[in-house]
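Visitor: Data: start-v2.txt, compact mmCIF, C-alpha atoms (C1' of nucleotides).
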# COMPACT_ATOMS: atom_id res chain seq x y z
CA MET G 1 -128.05 -91.26 -11.53
CA GLN G 2 -125.01 -92.39 -13.37
CA THR G 3 -121.66 -93.63 -12.17
CA CYS G 4 -119.83 -91.13 -14.33
CA ILE G 5 -117.41 -93.08 -16.50
CA SER G 6 -114.94 -91.26 -18.74
CA LEU G 7 -115.07 -87.45 -18.90
CA TYR G 8 -112.41 -87.53 -21.61
CA GLY G 9 -109.33 -85.40 -21.80
CA ILE G 10 -109.24 -82.26 -19.69
CA ASN G 11 -106.31 -81.43 -21.96
CA LYS G 12 -106.50 -82.01 -25.69
CA ARG G 13 -102.94 -82.88 -26.35
CA ASP G 14 -101.18 -83.69 -29.59
CA MET G 15 -97.88 -85.48 -29.95
CA PHE G 16 -96.22 -82.18 -30.95
CA SER G 17 -97.03 -78.59 -30.06
CA LYS G 18 -99.05 -76.46 -32.49
CA ALA G 19 -95.87 -74.48 -33.19
CA CYS G 20 -94.07 -77.68 -34.12
CA GLU G 21 -96.92 -78.94 -36.28
CA TYR G 22 -96.96 -75.66 -38.18
CA GLY G 23 -93.18 -75.70 -38.44
CA ILE G 24 -93.14 -79.15 -40.01
CA ARG G 25 -95.98 -78.42 -42.42
CA ALA G 26 -94.43 -75.09 -43.40
CA SER G 27 -90.99 -76.58 -43.99
CA ILE G 28 -92.44 -79.23 -46.24
CA PHE G 29 -94.44 -76.71 -48.22
CA ILE G 30 -91.43 -74.45 -48.64
CA ALA G 31 -89.36 -77.42 -49.78
CA THR G 32 -91.87 -78.44 -52.41
CA ASN G 33 -91.62 -74.96 -53.92
CA SER G 34 -87.86 -74.60 -53.62
CA SER G 35 -87.42 -77.67 -55.79
CA LYS G 36 -89.33 -75.76 -58.46
CA GLY G 37 -87.12 -72.72 -57.87
CA ILE G 38 -89.90 -70.77 -56.21
CA ARG G 39 -89.56 -68.70 -53.05
CA VAL G 40 -92.74 -68.43 -51.03
CA GLY G 41 -93.85 -65.60 -48.77
CA ILE G 42 -95.34 -65.95 -45.33
CA LYS G 43 -98.85 -65.34 -46.69
CA ASP G 44 -98.57 -68.27 -49.08
CA VAL G 45 -97.20 -70.48 -46.35
CA ALA G 46 -99.96 -69.72 -43.87
CA LYS G 47 -102.62 -70.10 -46.53
CA GLU G 48 -101.27 -73.37 -47.83
CA ILE G 49 -100.83 -75.07 -44.48
CA ASP G 50 -103.94 -73.48 -42.94
CA SER G 51 -102.22 -71.77 -40.01
CA PRO G 52 -102.38 -68.32 -38.37
CA GLU G 53 -100.09 -66.04 -40.34
CA PRO G 54 -98.38 -63.99 -37.61
CA PHE G 55 -97.73 -67.03 -35.46
CA THR G 56 -96.40 -68.91 -38.44
CA ALA G 57 -94.09 -65.98 -39.14
CA LYS G 58 -92.61 -66.36 -35.67
CA ILE G 59 -91.98 -70.03 -36.28
CA MET G 60 -90.33 -69.23 -39.61
CA GLN G 61 -87.92 -67.01 -37.69
CA ILE G 62 -86.97 -69.90 -35.43
CA LEU G 63 -86.50 -72.26 -38.36
CA THR G 64 -84.40 -69.64 -40.11
CA LYS G 65 -82.20 -69.09 -37.05
CA ASN G 66 -81.69 -72.82 -36.84
CA GLY G 67 -80.57 -73.01 -40.45
CA ILE G 68 -83.49 -75.20 -41.48
CA ILE G 69 -84.92 -72.76 -43.98
CA HIS G 70 -83.43 -69.66 -45.59
CA SER G 71 -85.16 -66.31 -45.83
CA ALA G 72 -84.70 -63.34 -48.14
CA LYS G 73 -86.13 -59.92 -47.53
CA GLY G 74 -87.35 -57.47 -50.10
CA VAL G 75 -89.01 -57.74 -53.46
CA GLY G 76 -89.01 -61.31 -54.71
CA GLY G 77 -87.96 -62.46 -51.26
CA GLY G 78 -89.50 -65.17 -49.15
CA PHE G 79 -88.55 -68.56 -47.77
CA GLU G 80 -86.68 -71.38 -49.43
CA VAL G 81 -84.68 -74.52 -48.75
CA SER G 82 -81.59 -75.09 -50.83
CA ASN G 83 -81.37 -78.18 -53.00
CA GLU G 84 -78.54 -79.50 -50.85
CA ALA G 85 -80.24 -78.68 -47.54
CA VAL G 86 -83.50 -80.36 -48.46
CA LYS G 87 -81.63 -83.66 -48.75
CA THR G 88 -79.82 -83.35 -45.43
CA ILE G 89 -82.40 -81.65 -43.20
CA LYS G 90 -84.13 -84.20 -41.01
CA LEU G 91 -87.48 -83.95 -39.28
CA ILE G 92 -85.72 -84.20 -35.95
CA GLN G 93 -84.04 -80.84 -36.51
CA ILE G 94 -87.40 -79.12 -36.75
CA VAL G 95 -88.71 -80.89 -33.66
CA ASP G 96 -85.55 -80.10 -31.70
CA ALA G 97 -85.71 -76.44 -32.65
CA ILE G 98 -89.32 -76.07 -31.53
CA ASP G 99 -90.28 -78.75 -29.01
CA GLY G 100 -86.84 -79.83 -27.85
CA ASP G 101 -85.77 -83.42 -27.38
CA LYS G 102 -87.70 -84.45 -24.28
CA ILE G 103 -90.41 -86.13 -26.30
CA TYR G 104 -87.97 -88.78 -27.53
CA ARG G 105 -85.44 -88.57 -24.70
CA GLY G 106 -87.29 -87.64 -21.54
CA CYS G 107 -89.01 -89.92 -19.05
CA GLY G 108 -92.58 -90.85 -19.99
CA ILE G 109 -93.97 -89.91 -16.59
CA GLY G 110 -91.75 -86.91 -15.93
CA LEU G 111 -88.98 -88.15 -13.67
CA LYS G 112 -85.92 -85.91 -13.83
CA GLU G 113 -83.69 -88.90 -13.52
CA CYS G 114 -84.90 -92.03 -15.25
CA SER G 115 -82.46 -94.66 -16.49
CA GLU G 116 -81.73 -98.37 -16.56
CA ALA G 117 -80.21 -97.94 -13.12
CA HIS G 118 -83.15 -95.99 -11.71
CA PRO G 119 -86.10 -96.68 -13.99
CA CYS G 120 -89.64 -95.38 -13.72
CA PRO G 121 -92.37 -98.00 -13.98
CA VAL G 122 -92.85 -97.47 -17.70
CA HIS G 123 -89.19 -96.98 -18.57
CA PHE G 124 -88.54 -100.14 -20.53
CA GLU G 125 -91.73 -100.03 -22.54
CA PHE G 126 -91.34 -96.32 -23.23
CA LYS G 127 -87.81 -96.84 -24.40
CA LYS G 128 -89.12 -98.76 -27.40
CA ILE G 129 -91.61 -96.08 -28.32
CA ARG G 130 -89.14 -93.23 -27.87
CA GLY G 131 -86.60 -95.22 -29.84
CA LEU G 132 -88.97 -95.73 -32.75
CA LEU G 133 -89.93 -92.06 -32.69
CA HIS G 134 -86.31 -90.99 -32.54
CA GLU G 135 -85.36 -93.30 -35.37
CA MET G 136 -88.17 -92.04 -37.55
CA LEU G 137 -87.41 -88.40 -36.88
CA SER G 138 -83.69 -88.90 -37.49
CA LYS G 139 -84.13 -90.78 -40.73
CA THR G 140 -86.84 -88.78 -42.43
CA THR G 141 -85.58 -86.02 -44.66
CA LEU G 142 -87.43 -82.98 -45.80
CA GLU G 143 -86.92 -84.18 -49.34
CA GLN G 144 -88.78 -87.44 -48.76
CA LEU G 145 -91.76 -85.62 -47.34
CA ALA G 146 -91.73 -82.88 -49.96
CA SER G 147 -91.52 -85.29 -52.87
CA GLY G 148 -94.57 -87.17 -51.64
CA VAL G 149 -96.51 -83.93 -51.48
CA LYS G 150 -95.36 -82.94 -54.98
CA LYS G 151 -96.47 -86.27 -56.35
CA GLY G 152 -99.85 -85.76 -54.73
CA ASP G 153 -99.48 -88.76 -52.44
CA PHE G 154 -99.48 -86.65 -49.27
CA PHE G 155 -101.36 -83.57 -48.14
CA LEU G 156 -100.59 -80.56 -45.97
CA LYS G 157 -104.14 -79.62 -45.12
CA THR G 158 -107.61 -81.06 -45.18
CA LEU G 159 -109.72 -80.49 -48.24
CA ASN G 160 -112.90 -79.41 -46.55
CA LEU G 161 -111.90 -77.30 -43.58
CA GLU G 162 -114.89 -78.17 -41.39
CA MET H 1 -70.05 -63.65 -35.48
CA GLN H 2 -71.67 -67.00 -35.51
CA THR H 3 -74.10 -68.57 -37.91
CA CYS H 4 -76.48 -69.45 -35.07
CA ILE H 5 -77.19 -73.17 -35.27
CA SER H 6 -79.74 -74.73 -32.92
CA LEU H 7 -81.44 -72.56 -30.33
CA TYR H 8 -83.12 -75.63 -28.90
CA GLY H 9 -86.74 -75.99 -28.01
CA ILE H 10 -88.76 -72.83 -27.56
CA ASN H 11 -91.21 -75.20 -25.91
CA LYS H 12 -90.07 -77.83 -23.46
CA ARG H 13 -92.51 -80.53 -24.24
CA ASP H 14 -92.98 -83.94 -22.72
CA MET H 15 -94.86 -86.84 -24.25
CA PHE H 16 -97.67 -86.35 -21.72
CA SER H 17 -98.91 -83.26 -19.90
CA LYS H 18 -97.76 -82.60 -16.34
CA ALA H 19 -101.29 -83.41 -15.17
CA CYS H 20 -101.08 -86.78 -16.90
CA GLU H 21 -97.61 -87.53 -15.55
CA TYR H 22 -98.80 -86.79 -12.02
CA GLY H 23 -101.95 -88.82 -12.60
CA ILE H 24 -100.01 -91.89 -13.66
CA ARG H 25 -97.48 -91.63 -10.85
CA ALA H 26 -100.22 -91.03 -8.29
CA SER H 27 -102.31 -93.97 -9.50
CA ILE H 28 -99.34 -96.28 -9.25
CA PHE H 29 -98.48 -95.08 -5.76
CA ILE H 30 -102.07 -95.50 -4.59
CA ALA H 31 -102.16 -98.99 -6.09
CA THR H 32 -99.00 -100.08 -4.28
CA ASN H 33 -100.63 -99.09 -1.00
CA SER H 34 -104.05 -100.50 -1.73
CA SER H 35 -102.52 -103.93 -2.18
CA LYS H 36 -101.31 -103.59 1.41
CA GLY H 37 -104.78 -102.52 2.49
CA ILE H 38 -103.68 -98.93 3.08
CA ARG H 39 -105.59 -95.84 2.00
CA VAL H 40 -103.42 -92.83 1.30
CA GLY H 41 -104.27 -89.15 1.68
CA ILE H 42 -103.52 -86.41 -0.80
CA LYS H 43 -100.55 -85.25 1.31
CA ASP H 44 -98.90 -88.66 1.13
CA VAL H 45 -99.53 -88.88 -2.59
CA ALA H 46 -98.02 -85.48 -3.40
CA LYS H 47 -95.06 -86.13 -1.13
CA GLU H 48 -94.36 -89.56 -2.55
CA ILE H 49 -94.57 -88.62 -6.21
CA ASP H 50 -93.00 -85.17 -5.73
CA SER H 51 -95.86 -83.11 -7.13
CA PRO H 52 -97.72 -79.94 -6.11
CA GLU H 53 -100.38 -80.97 -3.61
CA PRO H 54 -103.38 -78.84 -4.66
CA PHE H 55 -102.87 -79.55 -8.34
CA THR H 56 -102.51 -83.24 -7.60
CA ALA H 57 -105.77 -83.07 -5.66
CA LYS H 58 -107.51 -81.78 -8.78
CA ILE H 59 -106.14 -84.65 -10.80
CA MET H 60 -107.28 -87.12 -8.16
CA GLN H 61 -110.80 -85.75 -8.63
CA ILE H 62 -110.63 -86.46 -12.33
CA LEU H 63 -109.33 -89.98 -11.77
CA THR H 64 -112.06 -90.58 -9.20
CA LYS H 65 -114.79 -89.35 -11.54
CA ASN H 66 -113.44 -91.67 -14.22
CA GLY H 67 -113.60 -94.63 -11.87
CA ILE H 68 -109.86 -95.19 -11.94
CA ILE H 69 -109.33 -94.67 -8.24
CA HIS H 70 -111.78 -94.58 -5.37
CA SER H 71 -111.88 -91.93 -2.69
CA ALA H 72 -113.30 -91.87 0.82
CA LYS H 73 -113.90 -88.75 2.82
CA GLY H 74 -113.59 -88.35 6.56
CA VAL H 75 -111.42 -89.87 9.24
CA GLY H 76 -109.38 -92.76 7.89
CA GLY H 77 -110.35 -91.74 4.37
CA GLY H 78 -108.12 -91.27 1.36
CA PHE H 79 -107.55 -92.84 -2.02
CA GLU H 80 -107.45 -96.48 -2.99
CA VAL H 81 -107.76 -98.88 -5.90
CA SER H 82 -109.70 -102.07 -5.31
CA ASN H 83 -107.97 -105.40 -5.75
CA GLU H 84 -110.15 -106.17 -8.75
CA ALA H 85 -109.75 -102.73 -10.35
CA VAL H 86 -105.96 -102.74 -10.09
CA LYS H 87 -105.91 -105.78 -12.38
CA THR H 88 -108.24 -104.34 -14.98
CA ILE H 89 -107.33 -100.63 -15.04
CA LYS H 90 -105.02 -99.91 -17.96
CA LEU H 91 -102.63 -97.01 -18.43
CA ILE H 92 -104.67 -95.87 -21.39
CA GLN H 93 -107.63 -95.08 -19.15
CA ILE H 94 -105.55 -92.57 -17.19
CA VAL H 95 -104.17 -90.99 -20.37
CA ASP H 96 -107.63 -90.80 -21.93
CA ALA H 97 -109.10 -89.17 -18.84
CA ILE H 98 -106.42 -86.47 -18.73
CA ASP H 99 -104.78 -85.97 -22.14
CA GLY H 100 -107.43 -87.53 -24.34
CA ASP H 101 -106.69 -89.89 -27.22
CA LYS H 102 -105.14 -87.57 -29.81
CA ILE H 103 -101.61 -88.53 -28.85
CA TYR H 104 -102.17 -92.06 -30.13
CA ARG H 105 -104.99 -91.37 -32.58
CA GLY H 106 -104.48 -87.87 -33.96
CA CYS H 107 -102.40 -86.78 -36.92
CA GLY H 108 -98.73 -86.22 -36.14
CA ILE H 109 -98.67 -82.82 -37.75
CA GLY H 110 -102.13 -81.66 -36.76
CA LEU H 111 -104.36 -82.30 -39.78
CA LYS H 112 -108.00 -82.56 -38.80
CA GLU H 113 -108.54 -85.22 -41.39
CA CYS H 114 -105.63 -87.59 -41.91
CA SER H 115 -106.19 -91.13 -43.15
CA GLU H 116 -104.99 -93.73 -45.61
CA ALA H 117 -107.18 -92.01 -48.18
CA HIS H 118 -105.91 -88.51 -47.41
CA PRO H 119 -102.60 -88.96 -45.58
CA CYS H 120 -100.27 -86.29 -44.26
CA PRO H 121 -96.61 -86.69 -45.21
CA VAL H 122 -95.72 -88.51 -42.01
CA HIS H 123 -98.92 -90.56 -41.78
CA PHE H 124 -97.54 -94.01 -42.50
CA GLU H 125 -94.47 -93.68 -40.30
CA PHE H 126 -96.47 -92.14 -37.50
CA LYS H 127 -99.00 -94.91 -37.66
CA LYS H 128 -96.36 -97.33 -36.42
CA ILE H 129 -95.38 -95.13 -33.52
CA ARG H 130 -98.92 -94.36 -32.52
CA GLY H 131 -99.73 -98.03 -32.83
CA LEU H 132 -96.91 -99.05 -30.54
CA LEU H 133 -97.88 -96.38 -28.03
CA HIS H 134 -101.51 -97.40 -28.17
CA GLU H 135 -100.66 -101.06 -27.75
CA MET H 136 -98.44 -100.36 -24.79
CA LEU H 137 -100.99 -98.12 -23.08
CA SER H 138 -103.80 -100.63 -23.68
CA LYS H 139 -101.87 -103.60 -22.39
CA THR H 140 -100.21 -102.19 -19.33
CA THR H 141 -102.20 -102.64 -16.14
CA LEU H 142 -101.87 -100.65 -12.98
CA GLU H 143 -101.04 -103.89 -11.22
CA GLN H 144 -97.99 -104.54 -13.38
CA LEU H 145 -96.61 -101.11 -12.68
CA ALA H 146 -97.45 -101.18 -8.98
CA SER H 147 -95.89 -104.59 -8.42
CA GLY H 148 -92.62 -103.40 -9.95
CA VAL H 149 -92.58 -100.46 -7.59
CA LYS H 150 -93.36 -102.67 -4.60
CA LYS H 151 -90.52 -105.01 -5.52
CA GLY H 152 -88.20 -102.01 -5.70
CA ASP H 153 -87.51 -102.49 -9.40
CA PHE H 154 -89.15 -99.20 -10.41
CA PHE H 155 -89.28 -95.74 -8.87
CA LEU H 156 -91.83 -92.93 -8.71
CA LYS H 157 -89.43 -90.10 -8.02
CA THR H 158 -85.75 -89.32 -8.21
CA LEU H 159 -83.64 -89.94 -5.15
CA ASN H 160 -81.78 -86.65 -4.97
CA LEU H 161 -84.26 -83.90 -5.78
CA GLU H 162 -81.60 -81.24 -6.26
C1' DG O 1 -125.22 -84.17 18.09
C1' DC O 2 -120.40 -82.37 17.89
C1' DA O 3 -115.70 -82.06 16.71
C1' DA O 4 -112.14 -83.69 13.82
C1' DT O 5 -110.71 -85.34 9.47
C1' DA O 6 -110.27 -85.59 4.59
C1' DA O 7 -111.88 -85.15 -0.15
C1' DA O 8 -114.81 -82.16 -3.44
C1' DA O 9 -115.78 -77.97 -5.42
C1' DG O 10 -115.07 -73.43 -6.74
C1' DA O 11 -112.58 -69.19 -7.28
C1' DC O 12 -108.41 -67.35 -8.37
C1' DA O 13 -103.44 -66.66 -9.89
C1' DA O 14 -99.16 -67.72 -12.37
C1' DA O 15 -96.80 -69.64 -16.18
C1' DT O 16 -96.63 -71.24 -20.71
C1' DT O 17 -98.21 -71.54 -25.33
C1' DT O 18 -100.63 -69.60 -29.03
C1' DA O 19 -101.92 -65.67 -31.58
C1' DT O 20 -101.88 -60.71 -33.17
C1' DC O 21 -100.29 -56.19 -34.25
C1' DT O 22 -96.92 -52.53 -35.03
C1' DT O 23 -92.46 -50.93 -36.07
C1' DT O 24 -87.91 -51.73 -37.99
C1' DA O 25 -84.51 -53.43 -41.21
C1' DA O 26 -83.07 -55.29 -45.54
C1' DT O 27 -83.54 -55.81 -50.47
C1' DT O 28 -85.04 -54.82 -55.11
C1' DA O 29 -86.49 -52.11 -58.90
C1' DA O 30 -87.19 -47.92 -60.92
C1' DT F 1 -82.31 -42.08 -53.90
C1' DT F 2 -86.87 -43.27 -53.44
C1' DA F 3 -90.75 -46.31 -53.23
C1' DA F 4 -92.35 -50.82 -52.82
C1' DT F 5 -91.82 -55.24 -50.90
C1' DT F 6 -90.92 -58.65 -47.52
C1' DA F 7 -88.96 -60.73 -43.36
C1' DA F 8 -87.30 -59.59 -38.46
C1' DA F 9 -88.08 -57.89 -34.12
C1' DG F 10 -90.63 -56.34 -30.36
C1' DA F 11 -94.73 -55.44 -27.71
C1' DT F 12 -99.02 -57.08 -26.45
C1' DA F 13 -103.06 -60.05 -25.90
C1' DA F 14 -105.74 -64.36 -25.60
C1' DA F 15 -106.07 -69.11 -24.45
C1' DT F 16 -104.55 -73.05 -22.16
C1' DT F 17 -102.18 -75.42 -18.61
C1' DT F 18 -100.37 -75.50 -14.17
C1' DG F 19 -100.62 -74.26 -9.53
C1' DT F 20 -102.85 -72.27 -5.09
C1' DC F 21 -106.21 -71.11 -1.73
C1' DT F 22 -110.76 -71.08 0.52
C1' DT F 23 -115.16 -72.98 1.38
C1' DT F 24 -118.25 -76.89 1.31
C1' DT F 25 -119.58 -81.65 1.91
C1' DA F 26 -119.20 -86.26 3.64
C1' DT F 27 -117.55 -89.49 7.09
C1' DT F 28 -115.81 -91.14 11.47
C1' DG F 29 -115.21 -91.31 16.41
C1' DC F 30 -116.61 -89.58 20.55
Let me see the structure of the file written as structure tokens.
Guide:
Amino acid sequence: MQTCISLYGINKRDMFSKACEYGIRASIFIATNSSKGIRVGIKDVAKEIDSPEPFTAKIMQILTKNGIIHSAKGVGGGFEVSNEAVKTIKLIQIVDAIDGDKIYRGCGIGLKECSEAHPCPVHFEFKKIRGLLHEMLSKTTLEQLASGVKKGDFFLKTLNLE
Amino acid sequence: MQTCISLYGINKRDMFSKACEYGIRASIFIATNSSKGIRVGIKDVAKEIDSPEPFTAKIMQILTKNGIIHSAKGVGGGFEVSNEAVKTIKLIQIVDAIDGDKIYRGCGIGLKECSEAHPCPVHFEFKKIRGLLHEMLSKTTLEQLASGVKKGDFFLKTLNLE
DNA sequence: GCAATAAAAGACAAATTTATCTTTAATTAA
DNA sequence: TTAATTAAAGATAAATTTGTCTTTTATTGC
């Protein structure tokens, strides 16, 4: 008979949604190719970032509508990020477009109204974390991330997929 | 005709799952009462933290199984946290039991393997955020949170629930 | 023991997120 | 102008998370 300690995570929750994770990885991959003047198709994207193709296509549509990436139909078409855009696009724009801003603005324990005047019990500690997250997302450009991948310092998928 | 900038969040995502938010709020509420020697029933809990009663009951079961709160059936029964437990139980135990540890351990953009040796593009920046989150969750005790609520410094629900 | 109380457990349903498939529209090249 | 290519759009399906309801089990007071 055991006292039953720790059943571990009924939910297996990441910081960002799957859609957002794919969106970030895809944007970076597209950016690395755009700098070489190469447009990439949805097949390449899904293959390179190890994501389900049709779902990834949907996310590409959202990113395109939000002006984060550009798409071209037809022969030789595909996705790209302009040389100017890659410098100005920030990670936060991708997150906002897919997961919204609650992760770095909302209350940690879900209160609709949570402020200095009416704080939840974790408000002041969470403020620091949200602040750091917000700062990081606002500062990081697609170019920074893409250049690291191009140099081979960073990776967009695991080598041995299980 | 408009260029269509920012559709905003196809997902509306919080830092923690609803289940986890309810679990934290409920635990704090129970703790504030236990310190006064009062057991609270599921009805009181749901009412006080403004959550759906049956769903909250499920979460209470998880917290009970994980030894975070204690439950007593029958007349005069309900939920409580012992005076010793309230001092030792950390926020991280509630998060682990419900959302698991990926939020403060997993890769920010969903790589199965992401480490110093094989880092994703946001690895080093995310490490700081995850670290701060982990530190905060590990340090914060139920007692700290409950005492703030008892003193009236912190709140577990909004005043005007539209 | 019996009734009342209250949580546990299990089955089920709704909503959201993730994933897939098919059809349509746009573009290019011949 | 036609065929090939490629993303967009729309419909649908599966999985997960959230939420509800009913039945069972344990405890208390009488």
Visitor: Enumerate, in order of chain and increasing residue number, the residues of chain O with an atom no farther than 7 Å from chain G, each with its shortest atom pair and distance in Å to one decimal, counting all atoms listed in the file, as a Markdown table.
Guide:
| residue | atom | partner | partner_atom | distance |
| --- | --- | --- | --- | --- |
| O:DA19 | C1' | G:Phe55 | CA | 5.9 |
| O:DT20 | C1' | G:Pro54 | CA | 6.5 |
| O:DA26 | C1' | G:Lys73 | CA | 5.9 |
| O:DT27 | C1' | G:Gly74 | CA | 4.2 |
| O:DT28 | C1' | G:Val75 | CA | 5.2 |
Visitor: For a cut-off of 12 Å around (-114.3, -78.9, -3.0), file coordinates, pick out all residues using all atoms listed in the file and list them as a PyMOL selection string.
Guide: (chain H and resi 54+57-58+60-61+73) or (chain O and resi 6-11) or (chain F and resi 21-26)
Visitor: Considering only C-alpha atoms, can you say which of H:Ile49, H:Ile68, H:Met15, H:Leu142 comes closest to chain G?
Guide: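 Closest candidate: H:Met15.
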Visitor: At a cut-off of 7 Å, which residues of chain F touch chain H? Count only C-alpha atoms (C1' of nucleotides) and give the answer as a list in words.
Guide: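 For chain F, the answer reads DG19, DT20, DA26, DT27 and DT28 of chain F.
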Visitor: Would you list the contacts of G:Asp14 as a list in words, taking every protein, DNA or RNA residue within 10 Å and counting all atoms listed in the file, but skipping same-chain residues closer than 5 positions in sequence?
Guide: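 Returned residues: Glu21 of chain G; Met15, Phe16, Ser17, Asp99, Gly100, Asp101, Lys102, Ile103, Tyr104, Arg105, Gly106, Cys107, Gly108, Ile109 and Gly110 of chain H.
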Visitor: Mind pulling up the distance from atom CA of G:Arg13 to atom CA of H:Lys65?
Guide: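 Those two atoms sit 20.0 Å apart.
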Visitor: How many Å lie between atom CA of H:Arg39 and atom CA of H:Phe79, rounded to one decimal?
Guide: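 One can read the atom CA of H:Arg39 to atom CA of H:Phe79 distance as 5.4 Å.
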Visitor: Report, in Å to a single decimal, how far apart atom CA of G:Val95 and atom CA of G:Ser138 are.
Guide: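 If I compute the distance from atom CA of G:Ser138 to atom CA of G:Val95, I get 10.2 Å.
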Visitor: Measuring atom to atom with all atoms listed in the file, identify which of G:Ser27, G:Thr141, G:Ser147, G:Asn11 is nearest to H:Ala97.
Guide: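 Nearest candidate to H:Ala97 out of G:Ser27, G:Thr141, G:Ser147, G:Asn11: G:Asn11.
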Visitor: Excluding G:Phe29 and its own-chain neighbours fewer than 6 positions away, which residues fall within 8 Å of it when counting all atoms listed in the file? Please give them as number ranges by chain.
Guide: G: 45, 48-49, 146, 156
Visitor: In file coordinates, which residues lie within 9 Å of (-102.4, -69.9, -20.1) using only C-alpha atoms (C1' of nucleotides), given as JSON, numbers by chain?
Guide: {"O": [14, 15, 16, 17], "F": [14, 15, 16, 17, 18]}
Visitor: Could you write those residues out with C-alpha atoms (C1' of nucleotides), as a compact mmCIF listing (two decimals), in the coordinates of the input?
Guide:
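Listed below is the output, selection-v5.txt:
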# COMPACT_ATOMS: atom_id res chain seq x y z
C1' DA O 14 -99.16 -67.72 -12.37
C1' DA O 15 -96.80 -69.64 -16.18
C1' DT O 16 -96.63 -71.24 -20.71
C1' DT O 17 -98.21 -71.54 -25.33
C1' DA F 14 -105.74 -64.36 -25.60
C1' DA F 15 -106.07 -69.11 -24.45
C1' DT F 16 -104.55 -73.05 -22.16
C1' DT F 17 -102.18 -75.42 -18.61
C1' DT F 18 -100.37 -75.50 -14.17
Visitor: Write out N, CA, C and O atoms for stretch 131-142 of chain H, as a compact mmCIF listing (two decimals), in the frame of the given file.
Guide:
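Written file, result22.txt:
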# COMPACT_ATOMS: atom_id res chain seq x y z
N GLY H 131 -99.28 -96.67 -33.07
CA GLY H 131 -99.73 -98.03 -32.83
C GLY H 131 -99.02 -98.67 -31.66
O GLY H 131 -99.64 -99.29 -30.79
N LEU H 132 -97.71 -98.48 -31.63
CA LEU H 132 -96.91 -99.05 -30.54
C LEU H 132 -97.29 -98.41 -29.22
O LEU H 132 -97.43 -99.09 -28.19
N LEU H 133 -97.47 -97.10 -29.24
CA LEU H 133 -97.88 -96.38 -28.03
C LEU H 133 -99.24 -96.86 -27.56
O LEU H 133 -99.44 -97.16 -26.38
N HIS H 134 -100.16 -96.96 -28.50
CA HIS H 134 -101.51 -97.40 -28.17
C HIS H 134 -101.51 -98.81 -27.58
O HIS H 134 -102.15 -99.09 -26.58
N GLU H 135 -100.75 -99.68 -28.21
CA GLU H 135 -100.66 -101.06 -27.75
C GLU H 135 -100.12 -101.12 -26.33
O GLU H 135 -100.67 -101.81 -25.46
N MET H 136 -99.06 -100.36 -26.10
CA MET H 136 -98.44 -100.36 -24.79
C MET H 136 -99.40 -99.83 -23.73
O MET H 136 -99.58 -100.43 -22.67
N LEU H 137 -100.06 -98.72 -24.04
CA LEU H 137 -100.99 -98.12 -23.08
C LEU H 137 -102.18 -99.04 -22.80
O LEU H 137 -102.69 -99.09 -21.68
N SER H 138 -102.62 -99.76 -23.84
CA SER H 138 -103.80 -100.63 -23.68
C SER H 138 -103.48 -101.89 -22.91
O SER H 138 -104.36 -102.48 -22.29
N LYS H 139 -102.22 -102.32 -23.02
CA LYS H 139 -101.87 -103.60 -22.39
C LYS H 139 -101.44 -103.47 -20.95
O LYS H 139 -101.62 -104.39 -20.15
N THR H 140 -100.81 -102.33 -20.65
CA THR H 140 -100.21 -102.19 -19.33
C THR H 140 -101.24 -101.93 -18.24
O THR H 140 -101.99 -100.97 -18.31
N THR H 141 -101.26 -102.82 -17.25
CA THR H 141 -102.20 -102.64 -16.14
C THR H 141 -101.52 -101.92 -14.99
O THR H 141 -100.29 -101.91 -14.87
N LEU H 142 -102.35 -101.33 -14.18
CA LEU H 142 -101.87 -100.65 -12.98
C LEU H 142 -101.15 -101.66 -12.08
O LEU H 142 -100.14 -101.34 -11.45
